[in-house]
file start_27.cif (mmCIF, C-alpha atoms)
data_work
#
loop_
_atom_site.group_PDB
_atom_site.id
_atom_site.type_symbol
_atom_site.label_atom_id
_atom_site.label_comp_id
_atom_site.auth_asym_id
_atom_site.auth_seq_id
_atom_site.Cartn_x
_atom_site.Cartn_y
_atom_site.Cartn_z
ATOM 1 C CA MET A 1 -5.547 31.723 -40.065
ATOM 2 C CA GLY A 2 -2.962 34.060 -38.529
ATOM 3 C CA ILE A 3 -5.661 36.235 -36.960
ATOM 4 C CA VAL A 4 -7.345 33.262 -35.339
ATOM 5 C CA MET A 5 -4.064 32.040 -33.866
ATOM 6 C CA VAL A 6 -3.277 35.468 -32.431
ATOM 7 C CA GLY A 7 -6.780 35.582 -30.962
ATOM 8 C CA LEU A 8 -6.291 32.238 -29.258
ATOM 9 C CA VAL A 9 -2.977 33.262 -27.746
ATOM 10 C CA ALA A 10 -4.463 36.493 -26.422
ATOM 11 C CA VAL A 11 -7.309 34.689 -24.642
ATOM 12 C CA GLY A 12 -5.125 32.780 -22.160
ATOM 13 C CA ALA A 13 -2.186 35.153 -21.858
ATOM 14 C CA PRO A 14 -3.881 37.870 -19.732
ATOM 15 C CA GLU A 15 -4.735 35.340 -16.995
ATOM 16 C CA VAL A 16 -1.108 34.282 -16.651
ATOM 17 C CA ARG A 17 0.140 37.872 -16.846
ATOM 18 C CA ASP A 18 -2.417 39.117 -14.311
ATOM 19 C CA ALA A 19 -1.637 36.298 -11.885
ATOM 20 C CA ILE A 20 2.064 37.110 -11.976
ATOM 21 C CA ILE A 21 1.587 40.860 -11.610
ATOM 22 C CA ASP A 22 -1.231 40.921 -9.013
ATOM 23 C CA ASP A 23 0.261 40.539 -5.500
ATOM 24 C CA ASP A 24 -3.169 39.642 -4.094
ATOM 25 C CA VAL A 25 -3.387 36.518 -6.273
ATOM 26 C CA ASP A 26 -1.518 33.482 -4.939
ATOM 27 C CA ALA A 27 -2.401 31.216 -7.855
ATOM 28 C CA MET A 28 -4.595 31.148 -10.914
ATOM 29 C CA LEU A 29 -6.381 27.823 -11.075
ATOM 30 C CA THR A 30 -8.865 28.471 -13.860
ATOM 31 C CA ASN A 31 -7.088 25.661 -15.715
ATOM 32 C CA PRO A 32 -5.843 23.348 -12.927
ATOM 33 C CA GLY A 33 -2.865 21.290 -13.919
ATOM 34 C CA GLU A 34 -1.731 23.645 -16.643
ATOM 35 C CA TYR A 35 0.160 26.026 -14.410
ATOM 36 C CA GLN A 36 0.476 27.281 -10.861
ATOM 37 C CA LEU A 37 2.562 30.018 -9.329
ATOM 38 C CA SER A 38 5.482 29.575 -7.004
ATOM 39 C CA GLU A 39 5.865 31.843 -3.979
ATOM 40 C CA ALA A 40 8.134 34.014 -6.121
ATOM 41 C CA GLY A 41 5.314 34.497 -8.643
ATOM 42 C CA GLU A 42 6.875 32.340 -11.347
ATOM 43 C CA VAL A 43 4.737 30.042 -13.454
ATOM 44 C CA VAL A 44 5.383 26.430 -12.415
ATOM 45 C CA THR A 45 4.008 23.569 -14.492
ATOM 46 C CA ARG A 46 2.449 20.736 -12.523
ATOM 47 C CA ALA A 47 2.247 17.608 -14.638
ATOM 48 C CA PHE A 48 -0.631 15.196 -14.262
ATOM 49 C CA PHE A 49 -0.719 11.551 -15.208
ATOM 50 C CA PRO A 50 -1.780 11.369 -18.867
ATOM 51 C CA SER A 51 -5.188 10.110 -19.901
ATOM 52 C CA VAL A 52 -4.629 7.660 -22.783
ATOM 53 C CA ASP A 53 -5.756 4.166 -23.735
ATOM 54 C CA ILE A 54 -3.742 1.228 -22.411
ATOM 55 C CA VAL A 55 -4.435 -2.509 -22.635
ATOM 56 C CA ASP A 56 -4.611 -5.005 -19.757
ATOM 57 C CA VAL A 57 -3.126 -8.513 -19.946
ATOM 58 C CA ASP A 58 -6.454 -9.900 -21.184
ATOM 59 C CA GLY A 59 -6.570 -7.478 -24.118
ATOM 60 C CA ARG A 60 -9.196 -5.123 -22.655
ATOM 61 C CA THR A 61 -8.681 -1.426 -23.298
ATOM 62 C CA LEU A 62 -8.972 1.032 -20.420
ATOM 63 C CA ASN A 63 -7.998 4.614 -19.835
ATOM 64 C CA SER A 64 -4.813 5.226 -17.861
ATOM 65 C CA SER A 65 -6.658 7.802 -15.745
ATOM 66 C CA ASP A 66 -8.756 4.916 -14.360
ATOM 67 C CA LEU A 67 -5.659 3.876 -12.386
ATOM 68 C CA ILE A 68 -5.638 7.105 -10.351
ATOM 69 C CA GLY A 69 -6.981 7.018 -6.808
ATOM 70 C CA LYS A 70 -4.112 5.920 -4.564
ATOM 71 C CA PRO A 71 -0.410 6.792 -4.513
ATOM 72 C CA MET A 72 1.044 4.982 -7.492
ATOM 73 C CA VAL A 73 4.456 3.878 -8.736
ATOM 74 C CA VAL A 74 4.297 3.520 -12.526
ATOM 75 C CA ASN A 75 7.226 1.666 -14.066
ATOM 76 C CA LEU A 76 7.737 1.630 -17.850
ATOM 77 C CA TRP A 77 9.817 -1.330 -18.990
ATOM 78 C CA PHE A 78 10.209 -4.116 -21.531
ATOM 79 C CA ALA A 79 11.683 -7.619 -21.344
ATOM 80 C CA ALA A 80 14.774 -7.116 -23.552
ATOM 81 C CA CYS A 81 15.912 -4.073 -21.538
ATOM 82 C CA PRO A 82 18.927 -5.081 -19.346
ATOM 83 C CA PRO A 83 18.428 -2.305 -16.750
ATOM 84 C CA CYS A 84 14.723 -3.214 -16.563
ATOM 85 C CA ARG A 85 15.712 -6.822 -15.892
ATOM 86 C CA ARG A 86 18.063 -5.700 -13.085
ATOM 87 C CA GLU A 87 15.540 -3.520 -11.274
ATOM 88 C CA MET A 88 12.368 -5.588 -11.663
ATOM 89 C CA PRO A 89 13.022 -8.017 -8.748
ATOM 90 C CA ASP A 90 13.591 -4.970 -6.534
ATOM 91 C CA PHE A 91 10.272 -3.474 -7.648
ATOM 92 C CA ALA A 92 8.548 -6.786 -6.857
ATOM 93 C CA ALA A 93 10.095 -6.840 -3.359
ATOM 94 C CA VAL A 94 9.283 -3.199 -2.567
ATOM 95 C CA ASN A 95 5.730 -3.712 -3.827
ATOM 96 C CA GLU A 96 5.329 -6.482 -1.238
ATOM 97 C CA GLN A 97 6.758 -4.240 1.522
ATOM 98 C CA PHE A 98 4.305 -1.404 0.939
ATOM 99 C CA GLY A 99 1.242 -3.623 0.589
ATOM 100 C CA ASP A 100 -1.933 -1.668 -0.063
ATOM 101 C CA ASP A 101 -0.473 1.786 0.695
ATOM 102 C CA VAL A 102 1.025 2.227 -2.781
ATOM 103 C CA VAL A 103 -0.233 0.807 -6.069
ATOM 104 C CA PHE A 104 2.498 -0.508 -8.356
ATOM 105 C CA VAL A 105 1.779 -0.592 -12.082
ATOM 106 C CA GLY A 106 3.960 -1.940 -14.870
ATOM 107 C CA ILE A 107 3.564 -0.422 -18.339
ATOM 108 C CA ASN A 108 5.136 -2.181 -21.315
ATOM 109 C CA PRO A 109 5.189 -0.450 -24.719
ATOM 110 C CA VAL A 110 7.093 -3.211 -26.547
ATOM 111 C CA ASP A 111 6.213 -6.799 -25.647
ATOM 112 C CA SER A 112 3.136 -8.928 -26.334
ATOM 113 C CA SER A 113 0.906 -9.755 -23.364
ATOM 114 C CA ALA A 114 2.325 -13.278 -23.195
ATOM 115 C CA ALA A 115 5.961 -12.136 -23.305
ATOM 116 C CA MET A 116 5.241 -9.392 -20.778
ATOM 117 C CA THR A 117 3.506 -11.645 -18.247
ATOM 118 C CA ASP A 118 6.000 -14.513 -18.654
ATOM 119 C CA PHE A 119 8.956 -12.213 -18.042
ATOM 120 C CA ALA A 120 7.287 -10.425 -15.114
ATOM 121 C CA SER A 121 6.409 -13.767 -13.539
ATOM 122 C CA GLN A 122 10.056 -14.882 -13.787
ATOM 123 C CA MET A 123 11.030 -11.664 -11.986
ATOM 124 C CA GLY A 124 8.509 -12.222 -9.157
ATOM 125 C CA VAL A 125 6.158 -9.396 -10.171
ATOM 126 C CA THR A 126 2.601 -9.707 -8.855
ATOM 127 C CA TYR A 127 1.349 -6.162 -9.476
ATOM 128 C CA ASP A 128 -0.857 -5.135 -12.411
ATOM 129 C CA LEU A 129 0.686 -5.007 -15.858
ATOM 130 C CA TYR A 130 -0.547 -3.099 -18.887
ATOM 131 C CA ARG A 131 0.561 -2.744 -22.482
ATOM 132 C CA ASP A 132 1.010 0.602 -24.203
ATOM 133 C CA PRO A 133 0.986 -0.755 -27.780
ATOM 134 C CA LEU A 134 0.872 2.642 -29.483
ATOM 135 C CA ALA A 135 3.324 4.179 -26.975
ATOM 136 C CA GLU A 136 0.791 6.907 -26.193
ATOM 137 C CA LEU A 137 1.474 6.856 -22.454
ATOM 138 C CA THR A 138 5.196 6.440 -23.054
ATOM 139 C CA ASP A 139 5.208 9.523 -25.300
ATOM 140 C CA ALA A 140 2.889 11.574 -23.080
ATOM 141 C CA LEU A 141 5.244 11.034 -20.135
ATOM 142 C CA GLY A 142 8.206 12.179 -22.226
ATOM 143 C CA THR A 143 10.041 8.883 -21.784
ATOM 144 C CA VAL A 144 13.532 9.026 -23.307
ATOM 145 C CA GLY A 145 14.958 5.805 -21.879
ATOM 146 C CA PHE A 146 14.018 2.614 -20.084
ATOM 147 C CA PRO A 147 13.282 1.824 -17.395
ATOM 148 C CA TYR A 148 11.394 4.958 -16.459
ATOM 149 C CA THR A 149 9.386 5.348 -13.257
ATOM 150 C CA VAL A 150 6.938 8.080 -12.247
ATOM 151 C CA PHE A 151 5.461 8.661 -8.810
ATOM 152 C CA VAL A 152 1.818 9.758 -8.982
ATOM 153 C CA ASN A 153 -0.253 10.952 -6.022
ATOM 154 C CA ALA A 154 -3.875 9.949 -5.399
ATOM 155 C CA GLN A 155 -5.089 13.024 -7.317
ATOM 156 C CA GLY A 156 -3.067 12.108 -10.412
ATOM 157 C CA GLN A 157 -0.263 14.642 -10.037
ATOM 158 C CA ILE A 158 3.189 13.417 -10.995
ATOM 159 C CA LEU A 159 5.416 14.138 -8.007
ATOM 160 C CA GLY A 160 8.683 12.751 -9.305
ATOM 161 C CA ASP A 161 10.386 10.454 -11.764
ATOM 162 C CA ALA A 162 13.500 8.333 -12.030
ATOM 163 C CA GLY A 163 15.493 6.018 -14.235
ATOM 164 C CA VAL A 164 17.006 2.781 -12.916
ATOM 165 C CA LEU A 165 16.294 2.237 -9.200
ATOM 166 C CA THR A 166 17.560 -0.216 -6.595
ATOM 167 C CA ALA A 167 15.236 -1.420 -3.824
ATOM 168 C CA ASP A 168 16.748 1.126 -1.401
ATOM 169 C CA GLU A 169 16.411 3.976 -3.895
ATOM 170 C CA LEU A 170 12.819 3.008 -4.694
ATOM 171 C CA THR A 171 11.942 2.820 -0.999
ATOM 172 C CA ALA A 172 13.528 6.238 -0.427
ATOM 173 C CA ALA A 173 11.660 7.719 -3.426
ATOM 174 C CA ILE A 174 8.355 6.397 -2.067
ATOM 175 C CA GLY A 175 9.177 8.020 1.260
ATOM 176 C CA THR A 176 10.097 11.315 -0.382
ATOM 177 C CA ASN A 177 7.149 11.451 -2.773
ATOM 178 C CA PHE A 178 4.383 9.943 -0.629
ATOM 179 C CA GLY A 179 5.649 10.413 2.936
ATOM 180 C CA LEU A 180 5.509 6.666 3.543
ATOM 181 C CA VAL A 181 8.011 4.365 5.178
ATOM 182 C CA GLU A 182 8.049 0.630 4.574
ATOM 183 C CA SER A 183 5.687 -1.432 6.663
ATOM 184 C CA ALA A 184 7.317 -2.825 9.805
ATOM 185 C CA ASP A 185 5.409 -6.117 9.590
ATOM 186 C CA THR A 186 6.966 -7.236 6.299
#
call {"tool": "encode", "arguments": {"input": "start_27.cif", "output": "structure tokens"}}
result
Amino acid sequence: MGIVMVGLVAVGAPEVRDAIIDDDVDAMLTNPGEYQLSEAGEVVTRAFFPSVDIVDVDGRTLNSSDLIGKPMVVNLWFAACPPCRREMPDFAAVNEQFGDDVVFVGINPVDSSAAMTDFASQMGVTYDLYRDPLAELTDALGTVGFPYTVFVNAQGQILGDAGVLTADELTAAIGTNFGLVESADT
């Protein structure tokens, strides 16, 4: 068992070592998403949106990676969370401002579909909602508190994350992460 583990470690390690040492190599992308190199030659992890099963409001299972394709704001929340309750109307308003340029997605690891949709409706949310009943997405994102928001580009790379956000902070984060400003016609 120990020999096999050492063998596995030795397989990937030379690629990382060689990429850091070789000045002619800007980045090793044999395993895209696992690591890249900064200009200083340091290994920099680039996180991608996890691929796990989630459940839509009608009880159908889909893979979270199916959501990738446009810039996306993914907000993890649940109804009994006071900070989630405070920020959700702001998320609903900013979603309306950005229209089709940014996809907003709500992920709820706690509530039933009925409780989730009732609460979101009270808060003015019209964007897609999904349940994470086994907390697979919640865990894969490393969520330590709620609400938790990640900003994902059209290729699935996580560009940033945040805790509680006001409408102004969310708008600024969308600008920073996606280079978008709110639509002037809203």
call {"tool": "atom_distance", "arguments": {"input": "start_27.cif", "atom1": "CA of Pro82 in chain A", "atom2": "CA of Ala135 in chain A"}}
result
19.7 Å
call {"tool": "closest_residue", "arguments": {"input": "start_27.cif", "among": "A:Leu76, A:Ile54, A:Leu165, A:Leu129", "to": "Thr143 in chain A", "atoms": "only C-alpha atoms"}}
result
A:Leu76
call {"tool": "residues_around", "arguments": {"input": "start_27.cif", "residues": "Arg131 in chain A", "least_positions_apart": "5", "cutoff": "12 Å", "atoms": "all atoms listed in the file", "output": "PyMOL selection string"}}
result
chain A and resi 52-64+75-78+105-117+136-138
call {"tool": "atom_distance", "arguments": {"input": "start_27.cif", "atom1": "CA of Glu169 in chain A", "atom2": "CA of Asp132 in chain A"}}
result
25.7 Å
call {"tool": "closest_residue", "arguments": {"input": "start_27.cif", "among": "A:Met72, A:Ala173, A:Ile158, A:Ala80", "to": "Pro50 in chain A", "atoms": "only C-alpha atoms"}}
result
A:Ile158
call {"tool": "build_atoms", "arguments": {"input": "start_27.cif", "residues": "range 67-78 of chain A", "atoms": "all heavy atoms", "output": "CSV table (one decimal), in the frame of the given file"}}
result
chain,number,residue,atom,x,y,z
A,67,LEU,N,-6.6,4.4,-13.4
A,67,LEU,CA,-5.7,3.9,-12.4
A,67,LEU,C,-5.5,4.8,-11.2
A,67,LEU,O,-5.0,4.4,-10.1
A,67,LEU,CB,-4.3,3.6,-13.0
A,67,LEU,CG,-4.3,2.6,-14.2
A,67,LEU,CD1,-2.9,2.6,-14.8
A,67,LEU,CD2,-4.8,1.3,-13.8
A,68,ILE,N,-5.8,6.1,-11.4
A,68,ILE,CA,-5.6,7.1,-10.4
A,68,ILE,C,-6.6,6.9,-9.2
A,68,ILE,O,-7.7,6.5,-9.4
A,68,ILE,CB,-5.8,8.5,-11.0
A,68,ILE,CG1,-4.7,8.8,-12.0
A,68,ILE,CG2,-5.8,9.6,-9.9
A,68,ILE,CD1,-5.0,10.0,-12.9
A,69,GLY,N,-6.1,7.1,-8.0
A,69,GLY,CA,-7.0,7.0,-6.8
A,69,GLY,C,-6.2,6.7,-5.5
A,69,GLY,O,-6.7,7.0,-4.4
A,70,LYS,N,-5.0,6.2,-5.7
A,70,LYS,CA,-4.1,5.9,-4.6
A,70,LYS,C,-2.7,6.3,-5.0
A,70,LYS,O,-2.5,6.4,-6.2
A,70,LYS,CB,-4.1,4.4,-4.2
A,70,LYS,CG,-5.4,3.9,-3.6
A,70,LYS,CD,-5.3,2.5,-3.2
A,70,LYS,CE,-4.7,2.3,-1.9
A,70,LYS,NZ,-4.8,1.0,-1.3
A,71,PRO,N,-1.8,6.6,-4.1
A,71,PRO,CA,-0.4,6.8,-4.5
A,71,PRO,C,0.0,5.6,-5.4
A,71,PRO,O,-0.2,4.5,-5.1
A,71,PRO,CB,0.4,6.8,-3.2
A,71,PRO,CG,-0.6,7.2,-2.2
A,71,PRO,CD,-1.9,6.6,-2.6
A,72,MET,N,0.7,6.0,-6.5
A,72,MET,CA,1.0,5.0,-7.5
A,72,MET,C,2.5,5.1,-8.0
A,72,MET,O,3.0,6.2,-8.3
A,72,MET,CB,0.0,5.2,-8.6
A,72,MET,CG,0.1,4.2,-9.8
A,72,MET,SD,-1.3,4.3,-10.9
A,72,MET,CE,-1.3,6.0,-11.4
A,73,VAL,N,3.1,4.0,-8.1
A,73,VAL,CA,4.5,3.9,-8.7
A,73,VAL,C,4.2,3.2,-10.1
A,73,VAL,O,3.8,2.1,-10.2
A,73,VAL,CB,5.4,3.0,-7.9
A,73,VAL,CG1,6.7,2.8,-8.6
A,73,VAL,CG2,5.7,3.6,-6.5
A,74,VAL,N,4.5,4.0,-11.2
A,74,VAL,CA,4.3,3.5,-12.5
A,74,VAL,C,5.7,3.3,-13.2
A,74,VAL,O,6.4,4.2,-13.3
A,74,VAL,CB,3.5,4.5,-13.4
A,74,VAL,CG1,3.3,4.0,-14.8
A,74,VAL,CG2,2.2,4.8,-12.7
A,75,ASN,N,5.9,2.0,-13.5
A,75,ASN,CA,7.2,1.7,-14.1
A,75,ASN,C,7.1,1.3,-15.5
A,75,ASN,O,6.3,0.3,-15.8
A,75,ASN,CB,7.8,0.5,-13.2
A,75,ASN,CG,9.2,0.1,-13.7
A,75,ASN,OD1,9.3,-1.1,-14.2
A,75,ASN,ND2,10.2,0.9,-13.6
A,76,LEU,N,7.7,2.0,-16.4
A,76,LEU,CA,7.7,1.6,-17.8
A,76,LEU,C,9.0,0.8,-18.1
A,76,LEU,O,10.1,1.2,-17.8
A,76,LEU,CB,7.7,2.9,-18.7
A,76,LEU,CG,6.4,3.6,-18.8
A,76,LEU,CD1,6.2,4.5,-17.6
A,76,LEU,CD2,6.3,4.4,-20.0
A,77,TRP,N,8.7,-0.4,-18.8
A,77,TRP,CA,9.8,-1.3,-19.0
A,77,TRP,C,9.5,-2.2,-20.2
A,77,TRP,O,8.4,-2.2,-20.7
A,77,TRP,CB,10.0,-2.2,-17.7
A,77,TRP,CG,8.7,-3.0,-17.4
A,77,TRP,CD1,7.6,-2.6,-16.8
A,77,TRP,CD2,8.5,-4.3,-17.8
A,77,TRP,NE1,6.7,-3.6,-16.7
A,77,TRP,CE2,7.2,-4.7,-17.4
A,77,TRP,CE3,9.2,-5.3,-18.6
A,77,TRP,CZ2,6.6,-5.9,-17.6
A,77,TRP,CZ3,8.6,-6.5,-18.8
A,77,TRP,CH2,7.3,-6.8,-18.3
A,78,PHE,N,10.5,-3.0,-20.6
A,78,PHE,CA,10.2,-4.1,-21.5
A,78,PHE,C,11.2,-5.2,-21.3
A,78,PHE,O,12.3,-5.0,-20.7
A,78,PHE,CB,10.2,-3.6,-23.0
A,78,PHE,CG,11.5,-3.0,-23.5
A,78,PHE,CD1,12.4,-3.8,-24.2
A,78,PHE,CD2,11.8,-1.7,-23.2
A,78,PHE,CE1,13.6,-3.2,-24.6
A,78,PHE,CE2,12.9,-1.1,-23.7
A,78,PHE,CZ,13.9,-1.8,-24.4
